[in-house]
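**Student:** Here you go, this is run_33.csv (CSV, C-alpha atoms and all ligand atoms).
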chain,number,residue,atom,x,y,z
A,17,MET,CA,-8.3,18.1,-9.0
A,18,ASN,CA,-5.4,20.1,-10.3
A,19,LEU,CA,-2.5,17.8,-10.3
A,20,ASN,CA,0.0,20.5,-11.3
A,21,ASN,CA,-0.3,22.0,-7.8
A,22,LEU,CA,0.1,18.7,-6.0
A,23,SER,CA,3.3,16.9,-5.3
A,24,PRO,CA,3.2,13.5,-7.0
A,25,ILE,CA,4.4,12.0,-3.7
A,26,GLN,CA,2.2,12.6,-0.7
A,27,VAL,CA,3.2,11.6,2.8
A,28,PHE,CA,0.6,11.0,5.5
A,29,VAL,CA,1.2,10.0,9.1
A,30,ARG,CA,-1.3,8.0,11.1
A,31,ILE,CA,-0.9,7.7,14.9
A,32,LYS,CA,-2.3,4.5,16.4
A,33,PRO,CA,-4.5,4.9,19.5
A,34,SER,CA,-2.9,3.4,22.6
A,35,SER,CA,-4.6,0.9,24.9
A,36,SER,CA,-3.0,2.6,27.9
A,37,ASN,CA,-4.2,5.5,29.9
A,38,ASP,CA,-1.0,5.9,31.8
A,39,GLU,CA,0.5,9.3,30.7
A,40,ASP,CA,4.0,8.1,31.5
A,41,GLU,CA,3.8,5.5,28.9
A,42,LEU,CA,2.7,7.9,26.1
A,43,VAL,CA,4.8,10.0,23.8
A,44,PRO,CA,3.8,13.7,24.2
A,45,PHE,CA,2.9,14.9,20.7
A,46,LYS,CA,1.2,17.9,19.2
A,47,ILE,CA,-0.4,18.2,15.8
A,48,SER,CA,-0.6,21.8,14.4
A,49,ASN,CA,-0.8,23.9,11.3
A,50,HIS,CA,-3.9,22.2,9.8
A,51,ASN,CA,-2.7,18.7,10.5
A,52,THR,CA,0.6,19.2,8.7
A,53,VAL,CA,3.1,19.7,11.6
A,54,LEU,CA,3.9,17.0,14.1
A,55,THR,CA,5.9,18.0,17.3
A,56,LEU,CA,7.1,15.0,19.3
A,57,SER,CA,8.5,15.1,22.8
A,58,ASN,CA,8.7,18.9,22.5
A,59,SER,CA,11.8,18.6,20.3
A,60,HIS,CA,11.2,16.9,17.0
A,61,ARG,CA,9.2,19.2,14.7
A,62,LEU,CA,8.3,17.6,11.4
A,63,SER,CA,6.1,18.5,8.4
A,64,PHE,CA,3.9,16.1,6.4
A,65,ASP,CA,1.1,16.5,3.9
A,66,ASN,CA,-1.5,15.2,6.4
A,67,ILE,CA,-1.3,13.9,10.0
A,68,PHE,CA,-4.1,11.7,11.4
A,69,SER,CA,-4.5,11.8,15.2
A,70,PRO,CA,-5.3,8.6,17.2
A,71,GLU,CA,-8.9,9.6,17.2
A,72,SER,CA,-9.1,9.7,13.4
A,73,THR,CA,-11.3,7.1,11.7
A,74,GLN,CA,-11.0,5.1,8.5
A,75,TYR,CA,-13.5,7.6,6.9
A,76,ASP,CA,-11.2,10.5,7.7
A,77,ILE,CA,-8.4,8.8,5.8
A,78,PHE,CA,-10.6,7.7,3.0
A,79,GLU,CA,-11.8,11.3,2.6
A,80,SER,CA,-8.3,12.6,2.0
A,81,ILE,CA,-7.5,9.8,-0.4
A,82,THR,CA,-10.7,9.9,-2.6
A,83,PRO,CA,-9.5,12.8,-4.8
A,84,LEU,CA,-6.6,10.6,-5.9
A,85,LEU,CA,-9.0,8.0,-7.2
A,86,HIS,CA,-9.7,10.3,-10.0
A,87,LEU,CA,-6.6,9.1,-11.8
A,88,PRO,CA,-7.2,5.3,-12.0
A,89,LEU,CA,-10.7,6.1,-13.2
A,90,HIS,CA,-9.2,7.9,-16.2
A,91,GLY,CA,-6.6,5.3,-17.2
A,92,TYR,CA,-3.8,6.4,-14.9
A,93,SER,CA,-2.3,5.0,-11.7
A,94,SER,CA,-2.4,5.7,-8.0
A,95,THR,CA,-0.4,3.8,-5.4
A,96,ILE,CA,-0.8,3.8,-1.6
A,97,PHE,CA,1.9,2.3,0.6
A,98,ALA,CA,1.3,1.5,4.3
A,99,TYR,CA,4.6,1.8,6.1
A,100,GLY,CA,5.6,1.3,9.7
A,101,GLN,CA,6.8,-1.1,12.4
A,102,THR,CA,4.8,-4.3,13.0
A,103,ASN,CA,1.6,-3.7,15.0
A,104,SER,CA,1.5,0.0,14.1
A,105,GLY,CA,-1.9,-0.4,12.2
A,106,LYS,CA,-0.8,-0.9,8.5
A,107,THR,CA,-3.2,-3.8,7.8
A,108,TYR,CA,-5.9,-2.1,9.8
A,109,THR,CA,-5.8,0.9,7.5
A,110,MET,CA,-5.5,-1.0,4.2
A,111,LEU,CA,-6.6,-4.5,3.9
A,112,GLY,CA,-7.9,-6.1,7.0
A,113,PRO,CA,-11.0,-8.0,5.9
A,114,ASN,CA,-12.3,-8.2,9.5
A,115,GLU,CA,-12.5,-4.5,9.9
A,116,GLN,CA,-15.8,-3.0,8.7
A,117,ALA,CA,-14.1,-0.3,6.8
A,118,ASP,CA,-10.7,-0.9,5.3
A,119,ILE,CA,-9.6,1.6,2.7
A,120,CYS,CA,-9.7,-1.0,0.0
A,121,LEU,CA,-13.4,-1.7,0.4
A,122,LEU,CA,-14.2,2.0,0.9
A,123,LEU,CA,-12.4,2.8,-2.4
A,124,TYR,CA,-14.1,0.0,-4.2
A,125,THR,CA,-17.6,1.0,-3.1
A,126,ASN,CA,-16.8,4.5,-4.2
A,127,LEU,CA,-15.7,3.2,-7.6
A,128,LEU,CA,-19.0,1.3,-8.1
A,129,THR,CA,-21.1,4.4,-7.5
A,130,SER,CA,-19.1,6.2,-10.2
A,131,SER,CA,-20.6,4.0,-13.0
A,132,SER,CA,-23.3,5.6,-15.1
A,133,SER,CA,-25.2,4.6,-18.2
A,134,SER,CA,-22.6,6.1,-20.5
A,135,ILE,CA,-19.5,5.1,-18.4
A,136,GLN,CA,-19.0,1.6,-17.1
A,137,TYR,CA,-16.2,0.4,-15.0
A,138,GLN,CA,-15.0,-3.2,-15.0
A,139,ILE,CA,-12.7,-4.1,-12.1
A,140,ARG,CA,-10.3,-7.0,-11.8
A,141,VAL,CA,-8.1,-7.8,-8.9
A,142,SER,CA,-4.7,-9.4,-8.4
A,143,TYR,CA,-3.2,-10.0,-5.0
A,144,LEU,CA,0.5,-10.7,-4.8
A,145,GLU,CA,3.1,-11.1,-2.1
A,146,VAL,CA,6.8,-10.2,-2.3
A,147,TYR,CA,9.0,-12.2,0.1
A,148,ASN,CA,12.8,-12.4,-0.1
A,149,GLY,CA,12.8,-10.8,-3.5
A,150,ARG,CA,10.3,-13.4,-5.0
A,151,VAL,CA,6.7,-12.8,-6.1
A,152,TYR,CA,3.9,-15.2,-5.0
A,153,ASP,CA,0.3,-15.2,-6.0
A,154,LEU,CA,-2.1,-14.9,-3.1
A,155,LEU,CA,-5.1,-15.8,-5.3
A,156,LYS,CA,-3.8,-18.9,-7.0
A,157,LYS,CA,-5.4,-22.1,-5.7
A,158,SER,CA,-2.7,-24.5,-4.7
A,159,ASP,CA,-3.2,-27.9,-6.4
A,160,GLN,CA,-3.1,-30.9,-4.1
A,161,LYS,CA,-0.2,-32.5,-6.0
A,162,SER,CA,2.2,-29.7,-5.2
A,163,ASN,CA,1.5,-30.3,-1.5
A,164,ASN,CA,1.1,-26.6,-0.8
A,165,LYS,CA,4.5,-25.9,-2.2
A,166,LEU,CA,4.8,-22.3,-3.3
A,167,HIS,CA,5.9,-21.4,-6.7
A,168,SER,CA,7.1,-17.9,-7.3
A,169,LEU,CA,6.0,-16.0,-10.4
A,170,SER,CA,8.4,-14.4,-12.9
A,171,ILE,CA,8.6,-10.8,-13.8
A,172,ARG,CA,8.6,-10.0,-17.5
A,173,GLU,CA,9.1,-6.8,-19.5
A,174,ASP,CA,7.2,-6.3,-22.7
A,175,GLY,CA,8.4,-4.5,-25.8
A,176,GLN,CA,7.1,-1.2,-24.5
A,177,GLY,CA,9.0,-1.5,-21.2
A,178,ASN,CA,5.9,-2.4,-19.2
A,179,ILE,CA,6.6,-4.8,-16.3
A,180,ASN,CA,4.2,-7.6,-15.9
A,181,VAL,CA,4.0,-10.6,-13.5
A,182,ALA,CA,3.6,-13.7,-15.7
A,183,ASP,CA,0.5,-15.8,-15.0
A,184,ALA,CA,-0.8,-13.7,-12.1
A,185,VAL,CA,-4.4,-14.5,-11.4
A,186,GLU,CA,-6.8,-11.6,-12.1
A,187,ILE,CA,-10.4,-12.0,-10.7
A,188,PRO,CA,-13.2,-9.8,-12.0
A,189,VAL,CA,-15.2,-8.3,-9.1
A,190,HIS,CA,-18.8,-7.1,-9.2
A,191,SER,CA,-19.6,-6.3,-5.6
A,192,SER,CA,-18.0,-5.3,-2.3
A,193,LEU,CA,-18.9,-8.7,-1.0
A,194,GLU,CA,-17.0,-10.5,-3.7
A,195,LEU,CA,-14.0,-8.2,-3.1
A,196,GLU,CA,-14.2,-8.9,0.6
A,197,ASN,CA,-14.2,-12.7,0.0
A,198,ILE,CA,-11.2,-12.4,-2.3
A,199,LEU,CA,-9.3,-10.4,0.4
A,200,ILE,CA,-10.2,-13.0,3.1
A,201,GLN,CA,-8.9,-15.8,0.8
A,202,GLY,CA,-5.8,-13.9,0.0
A,203,ASN,CA,-5.0,-13.0,3.6
A,204,GLN,CA,-5.5,-16.6,4.6
A,205,ARG,CA,-3.1,-17.7,2.0
A,206,ARG,CA,-0.6,-15.1,3.1
A,207,ALA,CA,-0.8,-16.5,6.6
A,208,THR,CA,-0.5,-20.1,5.4
A,209,ALA,CA,2.4,-19.2,3.1
A,210,SER,CA,4.3,-17.5,5.9
A,211,THR,CA,3.8,-20.6,8.1
A,212,TYR,CA,5.2,-22.7,5.2
A,213,MET,CA,8.1,-20.4,4.9
A,214,ASN,CA,8.5,-20.5,8.7
A,215,SER,CA,8.1,-16.7,8.9
A,216,SER,CA,5.4,-14.3,9.8
A,217,SER,CA,3.2,-12.4,7.4
A,218,SER,CA,4.6,-9.1,8.7
A,219,ARG,CA,7.9,-10.1,7.0
A,220,SER,CA,6.4,-9.9,3.4
A,221,HIS,CA,4.9,-7.1,1.3
A,222,ALA,CA,1.3,-7.6,0.1
A,223,LEU,CA,0.2,-5.9,-3.1
A,224,LEU,CA,-3.4,-5.6,-3.9
A,225,ILE,CA,-3.9,-4.4,-7.5
A,226,LEU,CA,-7.2,-3.2,-8.8
A,227,TRP,CA,-7.3,-3.0,-12.6
A,228,ILE,CA,-9.9,-0.5,-13.5
A,229,GLU,CA,-11.2,-0.6,-17.1
A,230,ARG,CA,-13.2,2.4,-18.0
A,231,ARG,CA,-15.6,2.0,-21.0
A,232,GLU,CA,-17.1,5.1,-22.4
A,233,ARG,CA,-19.9,4.8,-24.9
A,234,SER,CA,-19.3,6.8,-28.1
A,235,THR,CA,-21.2,10.1,-28.2
A,236,SER,CA,-22.9,9.4,-31.5
A,237,ALA,CA,-26.3,7.8,-30.8
A,238,SER,CA,-26.1,5.3,-33.6
A,239,SER,CA,-22.7,3.9,-32.7
A,240,ARG,CA,-22.3,1.0,-30.4
A,241,GLU,CA,-18.6,1.6,-30.0
A,242,TYR,CA,-16.7,2.0,-26.8
A,243,THR,CA,-13.5,3.7,-25.9
A,244,SER,CA,-11.7,2.0,-23.1
A,245,TYR,CA,-8.9,3.0,-20.7
A,246,LEU,CA,-7.1,0.8,-18.2
A,247,GLY,CA,-6.2,2.4,-14.9
A,248,ARG,CA,-4.6,0.9,-11.9
A,249,LEU,CA,-4.8,1.3,-8.2
A,250,ASN,CA,-2.1,-0.3,-6.0
A,251,LEU,CA,-2.7,-0.9,-2.3
A,252,ILE,CA,0.5,-2.0,-0.7
A,253,ASP,CA,0.8,-3.3,2.9
A,254,LEU,CA,4.6,-3.2,3.4
A,255,ALA,CA,6.6,-5.6,5.6
A,256,GLY,CA,7.2,-4.3,9.2
A,257,SER,CA,10.0,-1.6,9.1
A,258,GLU,CA,11.6,-2.6,12.4
A,259,ASP,CA,15.2,-3.4,11.9
A,260,ILE,CA,15.5,-7.0,13.2
A,261,SER,CA,19.0,-7.3,11.8
A,262,ARG,CA,20.0,-5.3,14.8
A,263,SER,CA,18.9,-8.1,16.9
A,264,LYS,CA,20.9,-11.3,16.8
A,265,ALA,CA,18.9,-12.8,13.9
A,266,GLU,CA,20.6,-15.6,12.2
A,267,GLY,CA,20.1,-17.8,9.1
A,268,ASP,CA,16.7,-17.4,7.3
A,269,ARG,CA,15.7,-14.6,9.7
A,270,PHE,CA,18.8,-12.6,8.9
A,271,ARG,CA,18.4,-13.0,5.2
A,272,GLU,CA,14.8,-12.0,5.5
A,273,ALA,CA,15.7,-8.9,7.5
A,274,VAL,CA,18.4,-7.9,5.0
A,275,ASN,CA,15.9,-8.2,2.1
A,276,ILE,CA,13.3,-6.2,3.8
A,277,ASN,CA,15.7,-3.4,4.7
A,278,THR,CA,17.0,-3.3,1.2
A,279,ASP,CA,13.4,-3.2,-0.3
A,280,LEU,CA,12.4,-0.4,2.0
A,281,LEU,CA,15.6,1.6,1.4
A,282,GLN,CA,15.2,1.2,-2.4
A,283,LEU,CA,11.6,2.3,-2.2
A,284,ARG,CA,12.6,5.4,-0.3
A,285,ARG,CA,15.3,6.1,-3.0
A,286,VAL,CA,12.7,5.8,-5.7
A,287,LEU,CA,10.2,8.0,-3.9
A,288,ASP,CA,12.9,10.6,-3.3
A,289,ALA,CA,14.0,10.5,-7.0
A,290,LEU,CA,10.4,10.8,-8.2
A,291,SER,CA,9.7,13.6,-5.8
A,292,THR,CA,12.6,15.6,-7.0
A,293,SER,CA,12.0,14.7,-10.7
A,294,SER,CA,15.4,13.1,-10.9
A,295,PRO,CA,16.2,11.8,-14.4
A,296,HIS,CA,17.3,8.5,-13.0
A,297,ILE,CA,14.8,6.5,-11.0
A,298,PRO,CA,16.4,3.3,-9.5
A,299,TYR,CA,13.4,1.0,-10.0
A,300,ARG,CA,15.5,-1.9,-11.0
A,301,ASP,CA,17.2,-2.3,-7.7
A,302,SER,CA,14.5,-4.2,-5.9
A,303,THR,CA,11.6,-6.5,-6.8
A,304,LEU,CA,9.0,-4.3,-5.2
A,305,THR,CA,9.9,-1.1,-7.0
A,306,ARG,CA,10.4,-3.0,-10.3
A,307,LEU,CA,6.9,-4.5,-10.0
A,308,LEU,CA,5.5,-1.0,-9.5
A,309,GLN,CA,7.6,0.7,-12.1
A,310,SER,CA,4.8,1.2,-14.7
A,311,SER,CA,2.5,2.6,-12.0
A,312,LEU,CA,5.0,5.0,-10.5
A,313,THR,CA,6.6,6.1,-13.8
A,314,THR,CA,3.6,7.6,-15.5
A,315,MET,CA,3.6,11.3,-15.7
A,316,GLN,CA,0.0,11.3,-14.4
A,317,SER,CA,0.3,9.3,-11.2
A,318,ILE,CA,0.0,9.9,-7.5
A,319,THR,CA,1.7,8.0,-4.7
A,320,ILE,CA,0.8,8.2,-1.1
A,321,LEU,CA,3.0,6.9,1.7
A,322,ILE,CA,0.9,6.4,4.8
A,323,SER,CA,3.4,6.1,7.7
A,324,HIS,CA,2.0,4.4,10.8
A,325,ILE,CA,3.4,5.2,14.3
A,326,SER,CA,2.6,4.1,17.8
A,327,SER,CA,1.8,6.6,20.5
A,328,MET,CA,3.7,4.5,23.2
A,329,ASN,CA,7.0,5.6,24.7
A,330,ILE,CA,8.3,2.0,24.4
A,331,ASP,CA,8.1,2.3,20.6
A,332,LEU,CA,9.8,5.7,20.4
A,333,TYR,CA,13.0,4.4,18.7
A,334,GLU,CA,11.0,2.9,15.9
A,335,THR,CA,8.6,5.9,15.7
A,336,LEU,CA,11.5,8.2,15.2
A,337,SER,CA,13.0,6.0,12.6
A,338,THR,CA,9.6,5.7,10.7
A,339,LEU,CA,9.3,9.5,10.8
A,340,LYS,CA,12.8,10.0,9.5
A,341,TYR,CA,12.1,7.5,6.6
A,342,SER,CA,9.0,9.5,5.8
A,343,GLN,CA,10.9,12.8,5.3
A,344,ILE,CA,10.8,12.5,1.5
A,345,ALA,CA,12.8,15.1,-0.3
A,346,LYS,CA,10.5,17.7,-2.0
A,401,LIG,P1,0.4,-4.0,11.4
A,401,LIG,O1,-0.3,-4.4,10.1
A,401,LIG,O2,1.1,-2.7,11.2
A,401,LIG,O3,1.3,-5.0,11.9
A,401,LIG,P2,-2.2,-4.1,12.5
A,401,LIG,O4,-3.0,-3.4,11.5
A,401,LIG,O5,-2.3,-5.6,12.5
A,401,LIG,O6,-0.7,-3.7,12.5
A,401,LIG,O7,-2.7,-3.6,13.9
A,401,LIG,C1,-2.3,-4.1,15.2
A,401,LIG,C2,-3.4,-4.1,16.1
A,401,LIG,O8,-3.9,-2.8,16.5
A,401,LIG,C3,-4.7,-4.8,15.6
A,401,LIG,O9,-5.3,-5.5,16.6
A,401,LIG,C4,-5.6,-3.7,15.1
A,401,LIG,O10,-6.9,-4.0,15.1
A,401,LIG,C5,-5.2,-2.6,16.1
A,401,LIG,N1,-5.3,-1.2,15.5
A,401,LIG,C6,-4.4,-0.8,14.5
A,401,LIG,N2,-4.8,0.5,14.2
A,401,LIG,C7,-5.8,0.9,14.9
A,401,LIG,C8,-6.6,2.0,15.0
A,401,LIG,N3,-6.4,3.1,14.2
A,401,LIG,N4,-7.7,2.0,15.9
A,401,LIG,C9,-7.9,0.9,16.6
A,401,LIG,N5,-7.2,-0.2,16.6
A,401,LIG,C10,-6.2,-0.3,15.7
A,402,MG,MG,0.0,-6.2,9.1
So, in terms of structure tokens, how does the structure I just supplied come out?
**Tutor:**
Amino acid sequence: MNLNNLSPIQVFVRIKPSSSNDEDELVPFKISNHNTVLTLSNSHRLSFDNIFSPESTQYDIFESITPLLHLPLHGYSSTIFAYGQTNSGKTYTMLGPNEQADICLLLYTNLLTSSSSSIQYQIRVSYLEVYNGRVYDLLKKSDQKSNNKLHSLSIREDGQGNINVADAVEIPVHSSLELENILIQGNQRRATASTYMNSSSSRSHALLILWIERRERSTSASSREYTSYLGRLNLIDLAGSEDISRSKAEGDRFREAVNINTDLLQLRRVLDALSTSSPHIPYRDSTLTRLLQSSLTTMQSITILISHISSMNIDLYETLSTLKYSQIAK
């Protein structure tokens, strides 16, 4: 893949199939120009890198993402964000362990088949949650004594400016089944945590991080030496983008809404800045972008924003707002 010709920020749009057959309830839309132009209600005409119709499958999306896997296999980073209002299909695309084919498992299976006798990949996974500006570990077993109380992790910066989450659990994975079980555990924990925080899981961001260590055997036959590179693939299921602060949310719900809006706005600013090669990238302004700083900064990195929209008229306000957010400066 020639990265020089590819914008480092790619924006995909996925339209969720509707359960209704009633034409009056559906937004009339047209996809044209090799799946890059979306015309909505005959008036809004918008361009994206790739548009997926309601009929598209997980495999269609996987196929357009696979070339980007190239980077983490060679010691660089790729990041995929799922954006959209609650119920628009973000989790379905990315992390849902109950779907046969979420992107995470498809990517992992693909990774496994890339190993050969001279190149081995070792994969470790971390699964974090960002809620109200704090980072929680979805893979850490809660000890009985703490009574399920959640402890947030701290973010540290090392001498080289790399951002790390202190004490985040990293589990080595050797098969798709193992990864699937880790996802199930993590998702269960995400649900329990949100009950504990008296919220819903759609109000937090989930970050699944695959650390991919590539070990290449030295070319000289006598040598037993390896060269290794560490790549990283981030799969991020963002909090629902609906603006609940417009409703009369109060107290915790209001604070939560304000935090989510700020995170999503800052993410958008970072993507805009990266996309226009701005000298100042405002990573530090939110926990989410700060956590991903090392992944997004690298010269050789690719980021895909997959924006999810509904095909129902009733969701049109949120759909337009999602599409507006997705117009990243290029
Ligand atoms: P979100 O994570 O954005 O809140 P979900 O992924 O949970 O949304 O999807 C909401 C519901 O719609 C789920 O029942 C899911 O199975 C279904 N769904 C989402 N996307 C699709 C799709 N492309 N095809 C079929 N069903 C879908
Ligand atoms: Mg979800």
**Student:** List the neighbours of Arg285 (chain A) out to 9 Å using all atoms listed in the file; skip same-chain residues closer than 6 positions along the sequence, and give me the result as a VMD selection string.
**Tutor:** chain A and resid 297 to 299
**Student:** For atom C7 of ligand LIG 401 (chain A) and CA of Pro33 (chain A), quote the distance in Å rounded to one decimal.
**Tutor:**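 Atom-to-atom, atom C7 of ligand LIG 401 (chain A) and CA of Pro33 (chain A) are spaced 6.2 Å apart.
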**Student:** Kindly provide, as a PyMOL selection string, all nucleotide and amino acid residues lying within 8 Å of ligand MG 402 (chain A), counting only C-alpha atoms and all ligand atoms.
**Tutor:** chain A and resi 102-103+105-108+217-218+253-256
**Student:** Step by step: start from the point (-9.1, -8.8, 2.9) in the file's coordinates, keep every protein, DNA or RNA residue that has an atom no farther than 12 Å from it, count all atoms listed in the file, and write the set as a VMD selection string.
**Tutor:** chain A and resid 107 to 121 141 143 154 to 155 192 to 207 222 to 224 251 253
**Student:** Please identify all polymer residues lying at most 12 Å from the point (-7.9, 9.8, -11.5) (file coordinates), using all atoms listed in the file, and present the result as a ChimeraX atom specification.
**Tutor:** /A:17-19,81-95,127,130,228,230,245-249,316-319
**Student:** Taking into account only C-alpha atoms, which residue in the set A:Ser191, A:Ser48, A:Ser63, A:Gln26 is nearest to Arg140 (chain A)?
**Tutor:** A:Ser191
**Student:** With a distance cut-off of 12 Å and all atoms listed in the file, select the neighbouring residues of Val286 (chain A), excluding the residue or stretch itself and same-chain residues fewer than 6 positions from it, and output the selection as a list of chain:residue names.
**Tutor:**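 These residues fall inside the cut-off: A:Ile25, A:Asp279, A:Leu280, A:Thr292, A:Ser293, A:Ser294, A:Pro295, A:His296, A:Ile297, A:Pro298, A:Tyr299, A:Arg300, A:Asp301, A:Ser302, A:Leu304, A:Thr305, A:Arg306, A:Leu308, A:Gln309, A:Leu312, A:Thr313, A:Thr319, A:Ile344, A:Ala345.
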**Student:** Considering all atoms listed in the file, can you say which of A:Arg219, A:His167, A:Arg233, A:Arg172 comes closest to ligand LIG 401 (chain A)?
**Tutor:**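 The answer is A:Arg219, which sits nearest to ligand LIG 401 (chain A).
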**Student:** Of the residues A:Tyr75, A:Tyr147, A:Phe45, A:Phe64, which is the one nearest to ligand LIG 401 (chain A), using only C-alpha atoms and all ligand atoms?
**Tutor:**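 Checking each of A:Tyr75, A:Tyr147, A:Phe45, A:Phe64 against ligand LIG 401 (chain A), counting only C-alpha atoms and all ligand atoms, the winner is A:Tyr75.
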**Student:** Rounded to one decimal, what separation in Å do you get between CA of Gly149 (chain A) and CA of Ile31 (chain A)?
**Tutor:**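 CA of Ile31 (chain A) lies 29.5 Å from CA of Gly149 (chain A).
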**Student:** Neighbouring residues of Ile139 (chain A) were defined as those with any atom within 6 Å, considering only C-alpha atoms; residues of the same chain fewer than 4 positions away were excluded. Please report them as JSON, numbers by chain.
**Tutor:** {"A": [188, 189, 227, 228]}
**Student:** Please report the interatomic distance between atom C9 of ligand LIG 401 (chain A) and CA of Thr52 (chain A) in Å with one decimal.
**Tutor:**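 Taking atom C9 of ligand LIG 401 (chain A) as the start and CA of Thr52 (chain A) as the end point, the length is 21.7 Å.
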**Student:** Residues at most 12 Å from Tyr333 (chain A), counting only C-alpha atoms, excluding those fewer than 6 positions away in the same chain, as a PyMOL selection string?
**Tutor:** chain A and resi 43+101+257-259+325-327+339-340
**Student:** Identify which of the residues A:Ile322, A:Leu169, A:Val27, A:Leu281 lies closest to ligand LIG 401 (chain A), counting all atoms listed in the file when measuring atom-to-atom distances.
**Tutor:**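 Going through A:Ile322, A:Leu169, A:Val27, A:Leu281 one by one, the smallest distance to ligand LIG 401 (chain A) is for A:Ile322.
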**Student:** Have a look at A:Leu144, A:Ile179, A:Leu56, A:Ile260 and name the one nearest to Ile225 (chain A); count all atoms listed in the file.
**Tutor:**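 For Ile225 (chain A), the nearest of the candidates is A:Leu144.
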**Student:** Residues at most 12 Å from Lys46 (chain A), counting all atoms listed in the file, excluding those fewer than 6 positions away in the same chain, as a list in words?
**Tutor:**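 In the requested form, the answer reads Ile31, Thr52, Val53, Leu54, Thr55, Leu56, Ser57, Asn58, Ser59, His60, Arg61, Leu62, Ser63, Ile67, Phe68, Ser69, Pro70 and Ser327 of chain A.
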**Student:** For ligand LIG 401 (chain A), which residue out of A:Asp65, A:Asp174, A:Asp76, A:Asp40 is the nearest one, using all atoms listed in the file?
**Tutor:**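 Distance minimum relative to ligand LIG 401 (chain A) lands on A:Asp76.
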